[in-house]
Every structure is written in structure tokens, then in C-alpha cells.
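Chemist: Mind looking over this structure? Questions follow.
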There are 2 protein chains.
Amino acid sequence: MQRFSEYELILASNSPRRQQFLKNIGLDFKVITHDVDEIYPESLKKEEITDFLVKLKAMPFKNLNEKQIVITADTIVWDEKKCLGKPNTIEEAVEMLSQLSGKSHQVITSVAFTQANSQKVIHEISNVFFKPLTKLEIDYYIKEFKPFDKAGAYGIQEWIGTVAIEKIEGSYTNIVGLPVVQVLTTLEKICK
Amino acid sequence: MQRFSEYELILASNSPRRQQFLKNIGLDFKVITHDVDEIYPESLKKEEITDFLVKLKAMPFKNLNEKQIVITADTIVWDEKKCLGKPNTIEEAVEMLSQLSGKSHQVITSVAFTQANSQKVIHEISNVFFKPLTKLEIDYYIKEFKPFDKAGAYGIQEWIGTVAIEKIEGSYTNIVGLPVVQVLTTLEKICK
């Protein structure tokens with residue numbers, strides 16, 4: 001299924017899951033990333049944070065030509081009043097998973113489509129319901145799966161997602177890190 | 001994560017997806033299947049159908065000992081007032097996907113846990129929202145993925161799930177064919 005072949009799509013993300021999604025759906029794209037300090041104003045909440053960060057990640061791309069579209073994305077876990085990013089240590093991962101245990105939280109992804117003279121930003125919010133996790137399950141998961149590259153310290157597509165996520169409301173691929181249908185729909189509008 | 005090691009779990013399903021789920025979550029089990037004519041009374045609707053079929057699938061298992069638990073499962077797609085099973089031909093697959101296009105339907109799985117002197121049946125219902133599918137997408141998917149072993153002619157974990165399922169409400173693994181968290185919770189109750 002070839003799509004958008006007139007355009008040059010640039011994915012600005014090192015996430016293997018995002019790259020795999022775009023490959024699986026048959027998009028032709030290249031990966032170009034720039035290091036960006038992912039710092040945002042403390043006053044921001046929920047999708048304000050991810051909307052801010054995807055625009056920040058797009059800033060290093062200068063002098064785009066008319067046929068280039070840069071895709072930047074950011075995913076966070078929003079739990080009650082708190083943003084959970086990637087855990088830096090085992091202790092932080094234990095703390096995050098203990099906090100998510102036995103209740104629901106939101107996974108929020110924003111995606112920016114940046115062109116020479118315009119930018120469109122979308123975001124998608126999914127609800128995730130975790131059953132109560134035991135200390136044994138949390139320790140086992142962190143030891144075996146090392147979720148230090150994942151917001152909220154878990155991947156729904158891994159063991160913990162299968163044994164502990166009772167239900168979701170919203171886009172499944174959004175929880176993995178990219179709301180694929182919504183990205184395709186937006187690209188169709190931009191490229192038509 | 002060893003679980004239920006005092007019991008002998010028997011999965012009575014040839015579905016590679018169900019077998020993989022139980023392997024992934026670290027359950028010790030064997031697969032024993034019997035051929036059963038999956039016929040049900042026409043008056044049944046929705047979970048009545050799958051509840052009936054999982055009991056039917058458990059019937060050939062006689063003379064179980066006290067430590068054996070037979071797990072039978074059945075998944076259907078329920079679309080408005082109609083049950084969609086596995087398509088037998090390309091034409092049936094095209095018809096099913098055309099029918100599911102651009103709206104929501106339900107995926108229903110029942111699971112029976114059959115022991116020497118008792119039986120427990122659970123079921124789980126998930127809602128799935130498809131974006132409008134083009135004829136090209138339907139034909140491409142059927143040609144490349146041959147979904148003749150799947151109720152409703154699709155697998156959410158395949159290409160079509162990624163490009164066309166906007167959102168879901170309920171258990172994700174249920175849509176693949178087994179509500180894993182609910183199965184584990186039930187086994188914990190039975191085996192405690």
C-alpha cells in the first residue's frame with residue numbers, strides 16, 4: 001500500500017516502536033533526529049505538555065523544501081495530577097508502577113506535522129486500566145524488561161500489558177507510542 | 001512467574017494466538033483438542049452463543065482428575081444483529097470487512113474452566129471502532145493476510161488493525177482471542 005509518494009516524510013524519532021509502525025503500514029520515510037532538551041514550563045498540563053514538546057522537537061528542522069514533512073511525536077503518562085515520563089532508575093520504575101497499580105491513567109501522545117510554511121499538531125488520549133500489581137510482578141517486570149525507555153515505566157505490548165491491563169478506552173497504538181490511524185488521516189488531509 | 005503449578009492446565013484450542021498468550025504469561029499447560037461441530041441454536045444471541053460453544057467444546061473431556069482444568073474458548077464478532085464467524089471464501093471475507101467498515105462492532109469471547117465436578121464460564125465484550133475502509137484496503141488485506149481463521153475476517157494485531165482501528169473499549173487481548181487478565185483472575189479464584 002504505497003501512500004503519499006509525492007512527499008518526503010521525515011520521522012524525527014528514535015523510538016523503534018514508532019519506526020516499526022510506519023514501516024508496517026507501508027510508508028516510505030527516513031529517520032532524522034536532533035538532540036533536544038525536553039524541558040517544558042511547569043505550568044503546563046496533560047496534552048499542553050506533549051503539544052509543547054513536539055513543537056520543540058521540530059524546531060531544529062530548518063530550510064525544509066515544499067515536499068518535506070517532518071513528523072515529531074511525544075508520549076506521556078498522565079496520572080491524576082502528575083506527568084510520568086521515562087524512569088531513570090529501578091527505584092523510579094518501581095514507584096511509577098506502584099502508582100499505576102489498581103486504577104486507570106491516561107496515555108497522551110501529540111504528533112506535529114511540520115512543513116516549510118505550516119505546522120499541524122494533533123493529540124490523542126487513551127485511558128488504561130491496570131489491575132492491582134503485586135510487588136513480585138513489578139520487580140519481575142522491571143528486571144526482565146528494563147522499561148527505562150518507556151513513559152510510565154511500561155509497554156502495553158509487553159508481558160505486563162498482557163497480564164495486568166484489564167481494559168483500555170481509545171487508540172491502542174497510541175498507548176504503544178503513536179496513534180497510527182489519526183496520523184494517517186492527518187497525512188491524507190495534508191497531502192491531498 | 002510460575003503460577004498454578006499444583007494444577008494441570010489443558011488448553012483445548014488450536015489457536016496459535018491463544019497458545020502464545022498463555023506461553024507469554026509463563027503458564028505451564030498442554031494442548032489437547034477434540035473435533036467438535038460448532039453448531040448452536042439459532043435463537044441464541046451474543047454471549048449466549050459463545051457461552052454455549054465453550055461448554056460444547058468441553059464435553060469430549062471425560063474422566064478428569066481433581067487437579068486438571070480444561071480451558072475452552074470461543075470468539076465471535078457481533079455486528080448489529082448478526083454473528084460473524086470465520087469467513088470460508090474471499091467473497092465472504094470481503095462482505096464481512098465491508099460490513100464492519102466505518103462503524104463499531106463487538107468482539108465477544110467466552111472461556112470455560114472445566115474440572116472433574118464443576119465448570120465456570122466467563123465472557124468478555126470489547127467494542128471496536130473501524131474507520132471507513134476502501135475497497136483497495138480490503139482487497140490488499142485479504143490477499144496478503146488471508147484472514148480465514150479469524151472471526152469477522154480480521155486480526156487487530158495485523159496490518160488492518162494498525163491502519164484502520166481508531167479505538168477500542170475493553171480488553172485488547174479479548175479482541176485477539178483471549179481476555180488474559182480475566183482468565184488469570186478466574187484461575188486465581190479456582191486454584192486458591
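Naming scheme: A, B, ... for chains in displayed order of the C-alpha cells; residues 1 onward per chain; ligands 1 onward as shown.
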Please check the contacts: residues of chain B at most 7 Å away from chain A, using only C-alpha atoms, listed as an mmCIF file with N, CA and C atoms, in the first residue's frame.
Modeler:
```
data_model
loop_
_atom_site.group_PDB
_atom_site.id
_atom_site.type_symbol
_atom_site.label_atom_id
_atom_site.label_comp_id
_atom_site.auth_asym_id
_atom_site.auth_seq_id
_atom_site.Cartn_x
_atom_site.Cartn_y
_atom_site.Cartn_z
ATOM 1 N N ASN B 24 3.388 -16.707 26.807
ATOM 2 C CA ASN B 24 3.991 -15.413 27.160
ATOM 3 C C ASN B 24 3.824 -15.073 28.635
ATOM 4 N N ILE B 25 2.696 -15.474 29.208
ATOM 5 C CA ILE B 25 2.493 -15.099 30.608
ATOM 6 C C ILE B 25 3.057 -16.171 31.543
ATOM 7 N N TRP B 159 -1.829 -5.821 10.070
ATOM 8 C CA TRP B 159 -1.788 -4.547 9.351
ATOM 9 C C TRP B 159 -3.110 -3.784 9.431
ATOM 10 N N THR B 162 -3.738 -1.968 12.659
ATOM 11 C CA THR B 162 -2.924 -0.764 12.830
ATOM 12 C C THR B 162 -3.437 0.395 11.991
ATOM 13 N N VAL B 163 -3.805 0.153 10.735
ATOM 14 C CA VAL B 163 -4.191 1.271 9.860
ATOM 15 C C VAL B 163 -5.665 1.640 9.943
ATOM 16 N N ALA B 164 -6.507 0.761 10.540
ATOM 17 C CA ALA B 164 -7.945 1.010 10.407
ATOM 18 C C ALA B 164 -8.729 1.026 11.716
ATOM 19 N N ILE B 165 -8.169 0.520 12.818
ATOM 20 C CA ILE B 165 -8.935 0.538 14.069
ATOM 21 C C ILE B 165 -8.600 1.819 14.836
ATOM 22 N N GLU B 166 -9.573 2.717 14.881
ATOM 23 C CA GLU B 166 -9.386 4.033 15.504
ATOM 24 C C GLU B 166 -9.286 3.941 17.007
ATOM 25 N N LYS B 167 -10.181 3.129 17.594
ATOM 26 C CA LYS B 167 -10.175 2.996 19.039
ATOM 27 C C LYS B 167 -10.906 1.731 19.453
ATOM 28 N N ILE B 168 -10.674 1.336 20.696
ATOM 29 C CA ILE B 168 -11.399 0.198 21.253
ATOM 30 C C ILE B 168 -11.867 0.573 22.663
ATOM 31 N N GLU B 169 -12.840 -0.160 23.157
ATOM 32 C CA GLU B 169 -13.280 -0.033 24.555
ATOM 33 C C GLU B 169 -13.351 -1.445 25.109
ATOM 34 N N GLY B 170 -12.487 -1.754 26.062
ATOM 35 C CA GLY B 170 -12.498 -3.091 26.645
ATOM 36 C C GLY B 170 -11.133 -3.733 26.592
ATOM 37 N N SER B 171 -11.098 -5.040 26.795
ATOM 38 C CA SER B 171 -9.837 -5.779 26.813
ATOM 39 C C SER B 171 -9.277 -5.914 25.403
ATOM 40 N N TYR B 172 -7.997 -5.535 25.224
ATOM 41 C CA TYR B 172 -7.343 -5.688 23.919
ATOM 42 C C TYR B 172 -7.109 -7.157 23.598
ATOM 43 N N VAL B 180 -6.986 -12.149 28.672
ATOM 44 C CA VAL B 180 -5.958 -12.790 29.504
ATOM 45 C C VAL B 180 -6.094 -12.423 30.986
ATOM 46 N N VAL B 181 -6.275 -11.135 31.298
ATOM 47 C CA VAL B 181 -6.363 -10.741 32.712
ATOM 48 C C VAL B 181 -7.554 -11.435 33.374
#
```
Chemist: Neighbouring residues of Ser118 of chain B were defined as those with any atom within 12 Å, considering only C-alpha atoms; residues of the same chain fewer than 2 positions away were excluded. Please report them as a ChimeraX atom specification.
Modeler: /B:55,58,64-70,112-116,120-121,190
Chemist: Residues at most 12 Å from Glu95 of chain B, counting only C-alpha atoms, excluding those fewer than 3 positions away in the same chain, as a list in words?
Modeler: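 Those residues are Leu84, Lys86, Pro87, Asn88, Thr89, Ile90, Glu91, Glu92, Ser98, Gln99, Leu100, Ser101, Lys135, Ile138, Asp139, Ile142, Gly152, Ala153 and Tyr154 of chain B.
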Chemist: Taking only chain B into account, list the residues labelled strand (DSSP E) by DSSP (computed from the backbone), as JSON, numbers by chain.
Modeler: {"B": [8, 9, 10, 11, 29, 30, 31, 68, 69, 70, 71, 72, 73, 74, 75, 76, 77, 78, 79, 82, 83, 84, 104, 105, 106, 107, 108, 109, 110, 111, 112, 113, 114, 119, 120, 121, 122, 123, 124, 125, 126, 127, 128, 129, 130, 165, 166, 167, 168, 169, 170]}
Chemist: How would the residues just chosen look if you wrote them out with N, CA and C atoms as a compact mmCIF listing (two decimals), in the first residue's frame?
Modeler:
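Output contents, as saved in selection-v1.txt:
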```txt
# COMPACT_ATOMS: atom_id res chain seq x y z
N GLU B 8 -2.93 -29.10 36.65
CA GLU B 8 -2.57 -29.41 35.27
C GLU B 8 -3.54 -28.68 34.34
N LEU B 9 -3.03 -27.66 33.66
CA LEU B 9 -3.89 -26.87 32.78
C LEU B 9 -3.88 -27.46 31.37
N ILE B 10 -5.07 -27.65 30.82
CA ILE B 10 -5.21 -28.18 29.47
C ILE B 10 -5.92 -27.13 28.62
N LEU B 11 -5.23 -26.62 27.61
CA LEU B 11 -5.87 -25.66 26.71
C LEU B 11 -6.43 -26.43 25.52
N PHE B 29 1.18 -25.46 30.47
CA PHE B 29 -0.08 -26.07 30.03
C PHE B 29 0.20 -27.02 28.88
N LYS B 30 -0.73 -27.94 28.65
CA LYS B 30 -0.63 -28.74 27.44
C LYS B 30 -1.85 -28.46 26.56
N VAL B 31 -1.70 -28.75 25.27
CA VAL B 31 -2.80 -28.53 24.33
C VAL B 31 -3.41 -29.88 23.95
N GLN B 68 -6.92 -31.43 37.27
CA GLN B 68 -6.96 -30.99 35.86
C GLN B 68 -8.01 -29.89 35.64
N ILE B 69 -7.61 -28.90 34.87
CA ILE B 69 -8.55 -27.84 34.47
C ILE B 69 -8.48 -27.70 32.95
N VAL B 70 -9.61 -27.89 32.29
CA VAL B 70 -9.67 -27.74 30.83
C VAL B 70 -10.18 -26.34 30.49
N ILE B 71 -9.41 -25.65 29.65
CA ILE B 71 -9.80 -24.29 29.24
C ILE B 71 -10.28 -24.34 27.79
N THR B 72 -11.55 -24.01 27.56
CA THR B 72 -12.07 -23.90 26.19
C THR B 72 -12.49 -22.45 25.95
N ALA B 73 -12.35 -22.00 24.73
CA ALA B 73 -12.63 -20.59 24.43
C ALA B 73 -13.29 -20.47 23.07
N ASP B 74 -14.10 -19.44 22.91
CA ASP B 74 -14.69 -19.16 21.60
C ASP B 74 -14.88 -17.65 21.43
N THR B 75 -14.52 -17.16 20.26
CA THR B 75 -14.61 -15.73 19.97
C THR B 75 -15.49 -15.50 18.75
N ILE B 76 -16.42 -14.56 18.86
CA ILE B 76 -17.22 -14.16 17.70
C ILE B 76 -17.19 -12.63 17.56
N VAL B 77 -17.54 -12.18 16.37
CA VAL B 77 -17.79 -10.76 16.15
C VAL B 77 -19.30 -10.60 16.08
N TRP B 78 -19.84 -9.66 16.84
CA TRP B 78 -21.27 -9.38 16.83
C TRP B 78 -21.49 -8.00 16.23
N ASP B 79 -22.15 -8.00 15.07
CA ASP B 79 -22.33 -6.74 14.35
C ASP B 79 -23.82 -6.47 14.19
N LYS B 82 -26.13 -9.54 14.07
CA LYS B 82 -25.61 -10.68 13.32
C LYS B 82 -24.30 -11.16 13.90
N CYS B 83 -24.15 -12.50 13.93
CA CYS B 83 -22.90 -13.10 14.39
C CYS B 83 -21.99 -13.37 13.20
N LEU B 84 -20.76 -12.83 13.25
CA LEU B 84 -19.79 -13.13 12.20
C LEU B 84 -18.76 -14.12 12.74
N SER B 104 -18.76 0.74 14.56
CA SER B 104 -18.26 -0.10 15.67
C SER B 104 -19.00 -1.43 15.71
N HIS B 105 -18.32 -2.44 16.25
CA HIS B 105 -18.94 -3.75 16.47
C HIS B 105 -18.40 -4.30 17.79
N GLN B 106 -18.92 -5.45 18.18
CA GLN B 106 -18.46 -6.06 19.43
C GLN B 106 -17.70 -7.35 19.16
N VAL B 107 -16.64 -7.55 19.95
CA VAL B 107 -15.95 -8.83 19.93
C VAL B 107 -16.24 -9.52 21.26
N ILE B 108 -16.75 -10.73 21.19
CA ILE B 108 -17.18 -11.45 22.39
C ILE B 108 -16.40 -12.76 22.49
N THR B 109 -15.75 -12.96 23.63
CA THR B 109 -15.07 -14.24 23.88
C THR B 109 -15.64 -14.83 25.16
N SER B 110 -16.01 -16.12 25.10
CA SER B 110 -16.31 -16.85 26.33
C SER B 110 -15.18 -17.82 26.60
N VAL B 111 -14.97 -18.09 27.89
CA VAL B 111 -13.96 -19.06 28.30
C VAL B 111 -14.59 -19.94 29.37
N ALA B 112 -14.49 -21.28 29.18
CA ALA B 112 -14.97 -22.21 30.21
C ALA B 112 -13.77 -22.86 30.89
N PHE B 113 -13.89 -23.00 32.21
CA PHE B 113 -12.89 -23.69 33.03
C PHE B 113 -13.59 -24.94 33.57
N THR B 114 -13.25 -26.07 32.99
CA THR B 114 -13.96 -27.31 33.31
C THR B 114 -13.10 -28.21 34.17
N GLN B 119 -17.79 -26.49 36.68
CA GLN B 119 -17.47 -25.73 35.48
C GLN B 119 -17.79 -24.25 35.72
N LYS B 120 -16.85 -23.40 35.36
CA LYS B 120 -17.11 -21.96 35.45
C LYS B 120 -16.97 -21.35 34.06
N VAL B 121 -17.91 -20.50 33.68
CA VAL B 121 -17.86 -19.86 32.36
C VAL B 121 -17.84 -18.34 32.54
N ILE B 122 -16.89 -17.69 31.87
CA ILE B 122 -16.86 -16.22 31.88
C ILE B 122 -16.95 -15.72 30.44
N HIS B 123 -17.37 -14.47 30.27
CA HIS B 123 -17.27 -13.88 28.93
C HIS B 123 -16.89 -12.42 29.04
N GLU B 124 -16.33 -11.94 27.97
CA GLU B 124 -15.82 -10.57 27.94
C GLU B 124 -16.23 -9.95 26.60
N ILE B 125 -16.67 -8.69 26.67
CA ILE B 125 -17.14 -8.00 25.46
C ILE B 125 -16.31 -6.73 25.25
N SER B 126 -15.74 -6.58 24.06
CA SER B 126 -14.99 -5.37 23.73
C SER B 126 -15.62 -4.70 22.52
N ASN B 127 -15.61 -3.36 22.50
CA ASN B 127 -16.10 -2.61 21.34
C ASN B 127 -14.92 -2.19 20.47
N VAL B 128 -15.09 -2.33 19.16
CA VAL B 128 -14.02 -2.00 18.21
C VAL B 128 -14.58 -1.01 17.19
N PHE B 129 -13.85 0.08 16.94
CA PHE B 129 -14.28 1.13 16.01
C PHE B 129 -13.38 1.15 14.79
N PHE B 130 -13.93 0.78 13.64
CA PHE B 130 -13.19 0.80 12.38
C PHE B 130 -13.40 2.12 11.66
N ILE B 165 -8.17 0.52 12.82
CA ILE B 165 -8.94 0.54 14.07
C ILE B 165 -8.60 1.82 14.84
N GLU B 166 -9.57 2.72 14.88
CA GLU B 166 -9.39 4.03 15.50
C GLU B 166 -9.29 3.94 17.01
N LYS B 167 -10.18 3.13 17.59
CA LYS B 167 -10.18 3.00 19.04
C LYS B 167 -10.91 1.73 19.45
N ILE B 168 -10.67 1.34 20.70
CA ILE B 168 -11.40 0.20 21.25
C ILE B 168 -11.87 0.57 22.66
N GLU B 169 -12.84 -0.16 23.16
CA GLU B 169 -13.28 -0.03 24.56
C GLU B 169 -13.35 -1.44 25.11
N GLY B 170 -12.49 -1.75 26.06
CA GLY B 170 -12.50 -3.09 26.65
C GLY B 170 -11.13 -3.73 26.59
```
Chemist: In Å, how far is it from atom CA of Val176 of chain B to atom CA of Arg17 of chain B?
Modeler: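 Those two atoms sit 7.2 Å apart.
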